[in-house]
>>> print(open('model-v2.cif').read())   # mmCIF, N, CA and C atoms and all ligand atoms
data_start
loop_
_atom_site.label_atom_id
_atom_site.label_comp_id
_atom_site.auth_asym_id
_atom_site.auth_seq_id
_atom_site.Cartn_x
_atom_site.Cartn_y
_atom_site.Cartn_z
N MET X 296 43.21 -95.79 194.83
CA MET X 296 43.83 -94.50 194.45
C MET X 296 43.31 -94.04 193.10
N SER X 297 42.14 -94.51 192.68
CA SER X 297 41.62 -94.16 191.35
C SER X 297 41.29 -92.67 191.24
N ASN X 298 41.26 -91.97 192.37
CA ASN X 298 40.98 -90.53 192.32
C ASN X 298 42.27 -89.71 192.39
N ARG X 299 43.43 -90.39 192.25
CA ARG X 299 44.69 -89.66 192.32
C ARG X 299 45.58 -89.94 191.11
N THR X 300 46.37 -88.94 190.74
CA THR X 300 47.38 -89.15 189.70
C THR X 300 48.66 -88.44 190.11
N PHE X 301 49.72 -88.72 189.36
CA PHE X 301 51.02 -88.12 189.66
C PHE X 301 51.48 -87.30 188.45
N THR X 302 52.11 -86.16 188.72
CA THR X 302 52.61 -85.32 187.63
C THR X 302 54.00 -84.79 187.92
N MET X 303 54.73 -84.45 186.87
CA MET X 303 55.97 -83.67 186.99
C MET X 303 55.91 -82.54 185.98
N ILE X 304 56.21 -81.32 186.42
CA ILE X 304 56.52 -80.25 185.48
C ILE X 304 57.98 -80.47 185.10
N LYS X 305 58.23 -80.75 183.83
CA LYS X 305 59.55 -81.20 183.37
C LYS X 305 60.54 -80.03 183.28
N PRO X 306 61.85 -80.34 183.16
CA PRO X 306 62.88 -79.28 183.20
C PRO X 306 62.71 -78.17 182.17
N ASP X 307 62.17 -78.48 180.99
CA ASP X 307 62.00 -77.43 179.96
C ASP X 307 61.01 -76.38 180.43
N ALA X 308 59.86 -76.83 180.93
CA ALA X 308 58.81 -75.90 181.37
C ALA X 308 59.24 -75.13 182.61
N PHE X 309 59.94 -75.84 183.53
CA PHE X 309 60.43 -75.15 184.73
C PHE X 309 61.41 -74.05 184.33
N ALA X 310 62.37 -74.37 183.46
CA ALA X 310 63.41 -73.41 183.06
C ALA X 310 62.82 -72.20 182.34
N LYS X 311 61.75 -72.41 181.60
CA LYS X 311 61.13 -71.30 180.87
C LYS X 311 60.20 -70.45 181.75
N GLY X 312 60.05 -70.85 183.01
CA GLY X 312 59.21 -70.07 183.93
C GLY X 312 57.72 -70.32 183.76
N HIS X 313 57.37 -71.51 183.24
CA HIS X 313 55.95 -71.82 183.02
C HIS X 313 55.28 -72.50 184.22
N SER X 314 56.04 -72.75 185.30
CA SER X 314 55.48 -73.55 186.40
C SER X 314 54.21 -72.94 186.98
N GLY X 315 54.22 -71.64 187.22
CA GLY X 315 53.06 -70.98 187.82
C GLY X 315 51.83 -71.11 186.94
N ALA X 316 52.00 -70.84 185.65
CA ALA X 316 50.87 -70.92 184.72
C ALA X 316 50.36 -72.36 184.62
N ILE X 317 51.27 -73.34 184.65
CA ILE X 317 50.85 -74.74 184.55
C ILE X 317 50.09 -75.16 185.80
N ILE X 318 50.58 -74.76 186.97
CA ILE X 318 49.87 -75.11 188.22
C ILE X 318 48.49 -74.45 188.22
N ASP X 319 48.41 -73.23 187.76
CA ASP X 319 47.12 -72.54 187.66
C ASP X 319 46.15 -73.33 186.77
N HIS X 320 46.66 -73.79 185.65
CA HIS X 320 45.88 -74.59 184.70
C HIS X 320 45.35 -75.88 185.37
N ILE X 321 46.22 -76.51 186.14
CA ILE X 321 45.86 -77.76 186.82
C ILE X 321 44.76 -77.50 187.86
N LEU X 322 44.91 -76.43 188.63
CA LEU X 322 43.90 -76.10 189.66
C LEU X 322 42.57 -75.72 188.99
N LYS X 323 42.64 -74.94 187.93
CA LYS X 323 41.40 -74.55 187.22
C LYS X 323 40.75 -75.75 186.55
N GLY X 324 41.56 -76.81 186.30
CA GLY X 324 41.01 -78.04 185.75
C GLY X 324 40.32 -78.90 186.79
N GLY X 325 40.29 -78.42 188.03
CA GLY X 325 39.53 -79.12 189.07
C GLY X 325 40.34 -80.07 189.92
N PHE X 326 41.66 -80.03 189.79
CA PHE X 326 42.52 -80.92 190.59
C PHE X 326 42.94 -80.24 191.89
N ARG X 327 43.03 -81.05 192.95
CA ARG X 327 43.49 -80.59 194.25
C ARG X 327 44.93 -81.11 194.43
N ILE X 328 45.81 -80.28 194.98
CA ILE X 328 47.20 -80.71 195.21
C ILE X 328 47.29 -81.46 196.54
N VAL X 329 47.75 -82.71 196.46
CA VAL X 329 47.86 -83.57 197.64
C VAL X 329 49.28 -83.54 198.20
N ALA X 330 50.26 -83.34 197.31
CA ALA X 330 51.67 -83.22 197.68
C ALA X 330 52.37 -82.49 196.55
N LEU X 331 53.42 -81.74 196.89
CA LEU X 331 54.14 -81.00 195.83
C LEU X 331 55.56 -80.70 196.29
N LYS X 332 56.53 -80.90 195.41
CA LYS X 332 57.91 -80.50 195.75
C LYS X 332 58.73 -80.11 194.53
N LEU X 333 59.61 -79.15 194.75
CA LEU X 333 60.64 -78.81 193.77
C LEU X 333 61.82 -79.72 194.04
N THR X 334 62.27 -80.43 193.01
CA THR X 334 63.36 -81.36 193.22
C THR X 334 64.15 -81.52 191.93
N ARG X 335 65.11 -82.41 191.92
CA ARG X 335 65.89 -82.65 190.71
C ARG X 335 66.26 -84.13 190.65
N LEU X 336 66.15 -84.73 189.48
CA LEU X 336 66.48 -86.14 189.30
C LEU X 336 67.92 -86.29 188.87
N SER X 337 68.64 -87.23 189.50
CA SER X 337 69.95 -87.64 188.98
C SER X 337 69.71 -88.43 187.70
N ARG X 338 70.76 -88.67 186.92
CA ARG X 338 70.60 -89.51 185.72
C ARG X 338 70.10 -90.90 186.12
N GLU X 339 70.65 -91.41 187.22
CA GLU X 339 70.26 -92.74 187.68
C GLU X 339 68.78 -92.80 188.04
N LYS X 340 68.32 -91.80 188.79
CA LYS X 340 66.91 -91.76 189.22
C LYS X 340 65.97 -91.55 188.02
N ALA X 341 66.41 -90.72 187.06
CA ALA X 341 65.59 -90.50 185.86
C ALA X 341 65.45 -91.81 185.08
N GLY X 342 66.54 -92.57 185.00
CA GLY X 342 66.52 -93.87 184.32
C GLY X 342 65.60 -94.85 185.03
N GLU X 343 65.63 -94.79 186.35
CA GLU X 343 64.77 -95.67 187.15
C GLU X 343 63.29 -95.32 186.93
N PHE X 344 63.00 -94.02 186.92
CA PHE X 344 61.60 -93.59 186.73
C PHE X 344 61.07 -94.05 185.38
N TYR X 345 61.91 -93.93 184.34
CA TYR X 345 61.48 -94.28 182.97
C TYR X 345 62.00 -95.65 182.56
N ASP X 346 62.17 -96.54 183.53
CA ASP X 346 62.74 -97.87 183.27
C ASP X 346 62.00 -98.61 182.15
N ILE X 347 60.69 -98.42 182.05
CA ILE X 347 59.87 -99.11 181.04
C ILE X 347 60.32 -98.75 179.62
N HIS X 348 60.97 -97.57 179.46
CA HIS X 348 61.41 -97.12 178.14
C HIS X 348 62.90 -97.40 177.88
N ARG X 349 63.53 -98.20 178.75
CA ARG X 349 64.99 -98.39 178.68
C ARG X 349 65.47 -98.89 177.32
N ALA X 350 64.68 -99.71 176.66
CA ALA X 350 65.10 -100.29 175.37
C ALA X 350 64.79 -99.38 174.17
N ARG X 351 64.08 -98.29 174.43
CA ARG X 351 63.66 -97.42 173.32
C ARG X 351 64.81 -96.54 172.85
N PRO X 352 64.81 -96.16 171.56
CA PRO X 352 65.93 -95.36 171.01
C PRO X 352 66.08 -94.00 171.67
N PHE X 353 64.98 -93.46 172.23
CA PHE X 353 65.05 -92.13 172.82
C PHE X 353 65.42 -92.14 174.30
N PHE X 354 65.71 -93.32 174.87
CA PHE X 354 65.92 -93.42 176.31
C PHE X 354 67.06 -92.53 176.82
N GLY X 355 68.20 -92.56 176.12
CA GLY X 355 69.36 -91.77 176.54
C GLY X 355 69.05 -90.28 176.58
N GLU X 356 68.41 -89.81 175.52
CA GLU X 356 68.01 -88.40 175.45
C GLU X 356 67.03 -88.04 176.55
N LEU X 357 66.10 -88.97 176.81
CA LEU X 357 65.07 -88.74 177.83
C LEU X 357 65.72 -88.60 179.21
N VAL X 358 66.67 -89.47 179.50
CA VAL X 358 67.36 -89.42 180.80
C VAL X 358 68.20 -88.14 180.91
N ASP X 359 68.90 -87.77 179.85
CA ASP X 359 69.67 -86.52 179.85
C ASP X 359 68.75 -85.33 180.11
N PHE X 360 67.65 -85.30 179.38
CA PHE X 360 66.70 -84.20 179.51
C PHE X 360 66.10 -84.13 180.91
N MET X 361 65.61 -85.26 181.42
CA MET X 361 64.89 -85.24 182.70
C MET X 361 65.81 -84.96 183.89
N SER X 362 67.13 -85.13 183.69
CA SER X 362 68.08 -84.82 184.78
C SER X 362 68.77 -83.48 184.54
N SER X 363 68.32 -82.72 183.54
CA SER X 363 69.05 -81.49 183.13
C SER X 363 68.75 -80.28 184.01
N GLY X 364 67.74 -80.35 184.86
CA GLY X 364 67.41 -79.21 185.70
C GLY X 364 66.29 -79.55 186.65
N PRO X 365 65.88 -78.57 187.48
CA PRO X 365 64.82 -78.81 188.46
C PRO X 365 63.50 -79.22 187.81
N ILE X 366 62.74 -79.97 188.57
CA ILE X 366 61.37 -80.33 188.18
C ILE X 366 60.45 -80.05 189.37
N ILE X 367 59.15 -80.00 189.12
CA ILE X 367 58.17 -79.96 190.21
C ILE X 367 57.37 -81.24 190.13
N ALA X 368 57.41 -82.02 191.21
CA ALA X 368 56.65 -83.28 191.29
C ALA X 368 55.43 -83.05 192.16
N ALA X 369 54.31 -83.66 191.80
CA ALA X 369 53.08 -83.46 192.58
C ALA X 369 52.14 -84.64 192.47
N ILE X 370 51.38 -84.85 193.54
CA ILE X 370 50.26 -85.79 193.53
C ILE X 370 48.98 -84.96 193.47
N LEU X 371 48.08 -85.34 192.59
CA LEU X 371 46.85 -84.58 192.36
C LEU X 371 45.63 -85.45 192.60
N GLU X 372 44.55 -84.82 193.05
CA GLU X 372 43.33 -85.55 193.36
C GLU X 372 42.13 -84.95 192.62
N LYS X 373 41.34 -85.83 192.07
CA LYS X 373 40.10 -85.44 191.38
C LYS X 373 39.40 -86.74 191.03
N GLU X 374 38.09 -86.71 190.91
CA GLU X 374 37.39 -87.89 190.42
C GLU X 374 37.94 -88.23 189.03
N ASN X 375 38.19 -89.49 188.75
CA ASN X 375 38.69 -89.93 187.43
C ASN X 375 40.02 -89.24 187.09
N ALA X 376 40.89 -89.13 188.09
CA ALA X 376 42.10 -88.29 187.98
C ALA X 376 43.02 -88.68 186.82
N VAL X 377 43.32 -89.97 186.68
CA VAL X 377 44.31 -90.38 185.67
C VAL X 377 43.84 -90.00 184.27
N ALA X 378 42.65 -90.40 183.91
CA ALA X 378 42.14 -90.13 182.55
C ALA X 378 41.92 -88.63 182.33
N ASP X 379 41.34 -87.96 183.32
CA ASP X 379 41.07 -86.53 183.16
C ASP X 379 42.36 -85.72 183.04
N PHE X 380 43.41 -86.16 183.77
CA PHE X 380 44.67 -85.41 183.70
C PHE X 380 45.36 -85.64 182.36
N ARG X 381 45.30 -86.85 181.84
CA ARG X 381 45.87 -87.11 180.51
C ARG X 381 45.16 -86.23 179.46
N LYS X 382 43.86 -86.02 179.65
CA LYS X 382 43.11 -85.14 178.75
C LYS X 382 43.59 -83.69 178.89
N LEU X 383 43.83 -83.28 180.13
CA LEU X 383 44.24 -81.90 180.40
C LEU X 383 45.64 -81.61 179.82
N ILE X 384 46.54 -82.61 179.83
CA ILE X 384 47.91 -82.36 179.34
C ILE X 384 48.01 -82.53 177.83
N GLY X 385 47.18 -83.36 177.22
CA GLY X 385 47.21 -83.53 175.76
C GLY X 385 48.19 -84.60 175.31
N ALA X 386 48.24 -84.82 174.00
CA ALA X 386 49.06 -85.89 173.42
C ALA X 386 50.54 -85.69 173.72
N THR X 387 51.29 -86.80 173.73
CA THR X 387 52.73 -86.78 174.01
C THR X 387 53.45 -85.78 173.11
N ASP X 388 53.10 -85.79 171.83
CA ASP X 388 53.70 -84.85 170.86
C ASP X 388 52.85 -83.58 170.84
N PRO X 389 53.41 -82.45 171.29
CA PRO X 389 52.62 -81.22 171.36
C PRO X 389 52.02 -80.81 170.02
N ALA X 390 52.67 -81.21 168.93
CA ALA X 390 52.12 -80.89 167.60
C ALA X 390 50.79 -81.60 167.38
N LYS X 391 50.58 -82.70 168.09
CA LYS X 391 49.33 -83.46 167.94
C LYS X 391 48.36 -83.22 169.10
N ALA X 392 48.76 -82.40 170.06
CA ALA X 392 47.92 -82.16 171.24
C ALA X 392 46.77 -81.21 170.89
N ASP X 393 45.62 -81.43 171.53
CA ASP X 393 44.45 -80.58 171.29
C ASP X 393 44.72 -79.15 171.77
N PRO X 394 44.06 -78.18 171.11
CA PRO X 394 44.18 -76.79 171.55
C PRO X 394 43.76 -76.64 173.01
N GLY X 395 44.48 -75.80 173.75
CA GLY X 395 44.13 -75.56 175.14
C GLY X 395 44.73 -76.53 176.13
N THR X 396 45.34 -77.63 175.64
CA THR X 396 45.99 -78.56 176.56
C THR X 396 47.34 -78.00 176.99
N ILE X 397 47.85 -78.51 178.12
CA ILE X 397 49.10 -77.99 178.68
C ILE X 397 50.26 -78.19 177.71
N ARG X 398 50.30 -79.35 177.07
CA ARG X 398 51.41 -79.58 176.13
C ARG X 398 51.29 -78.69 174.89
N LYS X 399 50.06 -78.46 174.43
CA LYS X 399 49.90 -77.56 173.28
C LYS X 399 50.35 -76.15 173.66
N LEU X 400 50.01 -75.74 174.88
CA LEU X 400 50.32 -74.37 175.31
C LEU X 400 51.79 -74.16 175.65
N PHE X 401 52.43 -75.18 176.26
CA PHE X 401 53.74 -74.93 176.87
C PHE X 401 54.88 -75.81 176.36
N ALA X 402 54.62 -76.84 175.55
CA ALA X 402 55.68 -77.75 175.14
C ALA X 402 56.24 -77.40 173.77
N ALA X 403 57.52 -77.68 173.59
CA ALA X 403 58.21 -77.33 172.36
C ALA X 403 58.37 -78.51 171.41
N SER X 404 58.48 -79.72 171.94
CA SER X 404 58.78 -80.87 171.08
C SER X 404 58.32 -82.16 171.73
N LEU X 405 58.37 -83.24 170.96
CA LEU X 405 57.98 -84.57 171.45
C LEU X 405 58.82 -84.97 172.67
N GLY X 406 60.09 -84.68 172.65
CA GLY X 406 60.97 -85.05 173.78
C GLY X 406 60.78 -84.11 174.95
N GLU X 407 60.83 -82.82 174.68
CA GLU X 407 60.74 -81.80 175.74
C GLU X 407 59.31 -81.30 175.78
N ASN X 408 58.45 -82.09 176.44
CA ASN X 408 57.01 -81.84 176.32
C ASN X 408 56.35 -81.36 177.62
N ALA X 409 57.12 -80.64 178.42
CA ALA X 409 56.60 -79.80 179.52
C ALA X 409 56.07 -80.52 180.75
N ILE X 410 55.41 -81.66 180.56
CA ILE X 410 54.71 -82.24 181.73
C ILE X 410 54.53 -83.74 181.59
N HIS X 411 54.51 -84.41 182.74
CA HIS X 411 54.24 -85.85 182.80
C HIS X 411 52.88 -86.08 183.45
N GLY X 412 52.20 -87.13 183.03
CA GLY X 412 50.98 -87.58 183.71
C GLY X 412 50.94 -89.09 183.71
N SER X 413 50.62 -89.70 184.86
CA SER X 413 50.56 -91.16 184.97
C SER X 413 49.55 -91.72 183.97
N ASP X 414 49.83 -92.96 183.51
CA ASP X 414 48.95 -93.56 182.49
C ASP X 414 48.00 -94.61 183.06
N SER X 415 48.06 -94.88 184.37
CA SER X 415 47.15 -95.86 184.99
C SER X 415 47.12 -95.60 186.49
N ASP X 416 46.10 -96.14 187.15
CA ASP X 416 46.02 -96.00 188.62
C ASP X 416 47.23 -96.65 189.28
N GLU X 417 47.63 -97.81 188.76
CA GLU X 417 48.77 -98.52 189.36
C GLU X 417 50.05 -97.69 189.23
N ASN X 418 50.28 -97.12 188.04
CA ASN X 418 51.48 -96.30 187.87
C ASN X 418 51.40 -95.00 188.67
N ALA X 419 50.20 -94.46 188.84
CA ALA X 419 50.04 -93.26 189.67
C ALA X 419 50.54 -93.55 191.09
N ARG X 420 50.21 -94.71 191.60
CA ARG X 420 50.64 -95.07 192.96
C ARG X 420 52.16 -95.31 193.01
N ILE X 421 52.67 -96.05 192.02
CA ILE X 421 54.11 -96.34 191.98
C ILE X 421 54.92 -95.05 191.86
N GLU X 422 54.47 -94.16 190.95
CA GLU X 422 55.21 -92.91 190.71
C GLU X 422 55.10 -91.96 191.89
N SER X 423 53.93 -91.92 192.54
CA SER X 423 53.78 -91.09 193.75
C SER X 423 54.73 -91.57 194.85
N ASP X 424 54.81 -92.89 195.02
CA ASP X 424 55.69 -93.47 196.05
C ASP X 424 57.16 -93.23 195.73
N PHE X 425 57.48 -93.08 194.44
CA PHE X 425 58.85 -92.83 194.00
C PHE X 425 59.35 -91.48 194.55
N PHE X 426 58.44 -90.51 194.67
CA PHE X 426 58.82 -89.15 195.08
C PHE X 426 58.41 -88.76 196.50
N PHE X 427 57.33 -89.36 197.02
CA PHE X 427 56.76 -88.87 198.28
C PHE X 427 56.55 -89.98 199.30
N ASN X 428 56.76 -89.62 200.57
CA ASN X 428 56.38 -90.49 201.69
C ASN X 428 54.94 -90.16 202.08
N SER X 429 54.30 -91.07 202.77
CA SER X 429 52.88 -90.87 203.11
C SER X 429 52.69 -89.63 203.99
N PHE X 430 53.66 -89.32 204.84
CA PHE X 430 53.50 -88.15 205.72
C PHE X 430 53.64 -86.83 204.97
N GLU X 431 54.04 -86.86 203.71
CA GLU X 431 54.16 -85.63 202.91
C GLU X 431 52.87 -85.32 202.15
N ARG X 432 51.84 -86.14 202.34
CA ARG X 432 50.59 -85.99 201.58
C ARG X 432 49.46 -85.45 202.45
N TYR X 433 48.59 -84.68 201.83
CA TYR X 433 47.40 -84.14 202.53
C TYR X 433 46.14 -84.84 202.06
N1 LIG X 501 59.57 -89.43 174.41
C1 LIG X 501 60.53 -89.08 173.46
N2 LIG X 501 60.41 -89.58 172.19
C2 LIG X 501 59.39 -90.41 171.83
C3 LIG X 501 58.43 -90.77 172.78
C4 LIG X 501 58.54 -90.25 174.07
O1 LIG X 501 61.45 -88.34 173.78
O2 LIG X 501 59.35 -90.85 170.66
C5 LIG X 501 59.67 -88.91 175.78
C6 LIG X 501 58.66 -87.81 176.08
O3 LIG X 501 59.27 -86.88 176.99
C7 LIG X 501 57.55 -88.59 176.77
C8 LIG X 501 58.35 -89.62 177.57
O4 LIG X 501 59.43 -89.96 176.71
O5 LIG X 501 56.73 -87.76 177.58
C9 LIG X 501 57.59 -90.86 177.95
O6 LIG X 501 56.99 -91.41 176.80
P1 LIG X 501 55.49 -91.93 176.81
O7 LIG X 501 55.25 -92.65 175.53
O8 LIG X 501 55.23 -92.67 178.08
O9 LIG X 501 54.63 -90.57 176.75
P2 LIG X 501 53.73 -89.86 177.85
O10 LIG X 501 53.10 -90.93 178.69
O11 LIG X 501 54.63 -88.95 178.64
O12 LIG X 501 52.71 -89.08 177.06
MG MG X 502 53.87 -92.57 179.64
#
>>> encode(input="model-v2.cif", output="structure tokens", more="lines below")
Ligand code: UDP
Ligand code: MG
Amino acid sequence: MSNRTFTMIKPDAFAKGHSGAIIDHILKGGFRIVALKLTRLSREKAGEFYDIHRARPFFGELVDFMSSGPIIAAILEKENAVADFRKLIGATDPAKADPGTIRKLFAASLGENAIHGSDSDENARIESDFFFNSFERY
């Protein structure tokens, strides 16, 4: 699955109406949409998704934020997808993100940073399976 990654347009970007512009950015970046859905995470599911951060001081805020409204989850395909998508979205903190990246363009803060991108091929697979069944993919 090295040619696939997983993304979420987070509740802040969805609520501000940035979803269309972000999807446009992703497609223009050369990614193909393999699966896509509008959904919402419960607090429990948000905690499960970010389980690796459970001990971090920002975990509670992160779970509150990620369950605060609708998100768009998607599986994306492109050669070198994981690394190229992390480049396209920019640094976790939008203040440190490169110009033209999705987080620089659409994110307001380190916590509410508009978009998620998997950090490894293994996590791309785990995170894709968290949201999608195989029959939902093209
Ligand atoms: N986050 C936060 N405070 C921090 C670090 C991260 O609120 O100090 C949030 C932020 O929404 C980030 C998510 O937790 O996107 C996951 O953190 P990670 O370090 O994995 O960043 P990412 O992989 O999303 O760039
Ligand atoms: Mg991460």
>>> closest_atom_pairs(input="model-v2.cif", of="chain X", to="ligand LIG 501 (chain X)", cutoff="8 Å", atoms="only N, CA and C atoms and all ligand atoms", output="CSV")
residue,atom,partner,partner_atom,distance
X:Tyr345,CA,X:LIG501,C9,7.2
X:His348,CA,X:LIG501,C9,7.3
X:Pro352,C,X:LIG501,N2,7.2
X:Phe353,CA,X:LIG501,O1,5.3
X:Phe354,N,X:LIG501,O1,6.6
X:Glu356,C,X:LIG501,O1,6.2
X:Leu357,CA,X:LIG501,O1,5.4
X:Val358,N,X:LIG501,O4,7.8
X:Met361,N,X:LIG501,O3,7.9
X:Arg381,CA,X:LIG501,O12,7.9
X:Gly385,C,X:LIG501,O12,6.6
X:Ala386,C,X:LIG501,O12,5.2
X:Thr387,CA,X:LIG501,O12,3.8
X:Asp388,N,X:LIG501,O12,6.2
X:Ser404,C,X:LIG501,O3,7.1
X:Leu405,C,X:LIG501,O1,4.4
X:Gly406,CA,X:LIG501,O1,3.3
X:Glu407,N,X:LIG501,O3,4.9
X:Asn408,N,X:LIG501,O3,4.9
X:Ala409,N,X:LIG501,O3,6.8
X:Ile410,C,X:LIG501,O11,6.0
X:His411,CA,X:LIG501,O11,5.2
X:Gly412,N,X:LIG501,O11,5.3
X:Ser413,C,X:LIG501,O10,6.4
X:Asp414,N,X:LIG501,O10,6.2
>>> atom_distance(input="model-v2.cif", atom1="CA of Lys340 in chain X", atom2="atom C of Asp359 in chain X")
11.3 Å
>>> closest_residue(input="model-v2.cif", among="X:Leu336, X:Ala350, X:Ile366, X:Ala341", to="Pro306 in chain X", atoms="only N, CA and C atoms")
X:Ile366
>>> select_by_dssp(input="model-v2.cif", residues="range 297-431 of chain X", states="alpha helix (DSSP H)", output="MDAnalysis selection string")
chainID X and resid 306:310 314:323 338:344 354:361 376:384 397:401 416:426
>>> select_by_dssp(input="model-v2.cif", residues="range 332-433 of chain X", states="strand (DSSP E)", output="count of residues only")
13
>>> closest_atom_pairs(input="model-v2.cif", of="range 354-374 of chain X", to="range 420-433 of chain X", cutoff="8 Å", atoms="all atoms listed in the file", output="CSV")
residue,atom,partner,partner_atom,distance
X:Ala368,CA,X:Phe426,CA,7.3
X:Ala369,C,X:Ser423,CA,6.8
X:Ile370,CA,X:Ser423,CA,6.4
>>> atom_distance(input="model-v2.cif", atom1="CA of Ala376 in chain X", atom2="CA of Asp307 in chain X")
24.0 Å
>>> atom_distance(input="model-v2.cif", atom1="CA of Glu343 in chain X", atom2="CA of Leu322 in chain X")
28.7 Å
>>> closest_residue(input="model-v2.cif", among="X:Ala403, X:Asn375, X:Ile384, X:Ile328", to="Ala308 in chain X", atoms="only N, CA and C atoms")
X:Ala403
>>> closest_residue(input="model-v2.cif", among="X:Arg349, X:Glu339, X:Phe326, X:Phe360", to="Thr300 in chain X", atoms="only C-alpha atoms")
X:Phe326
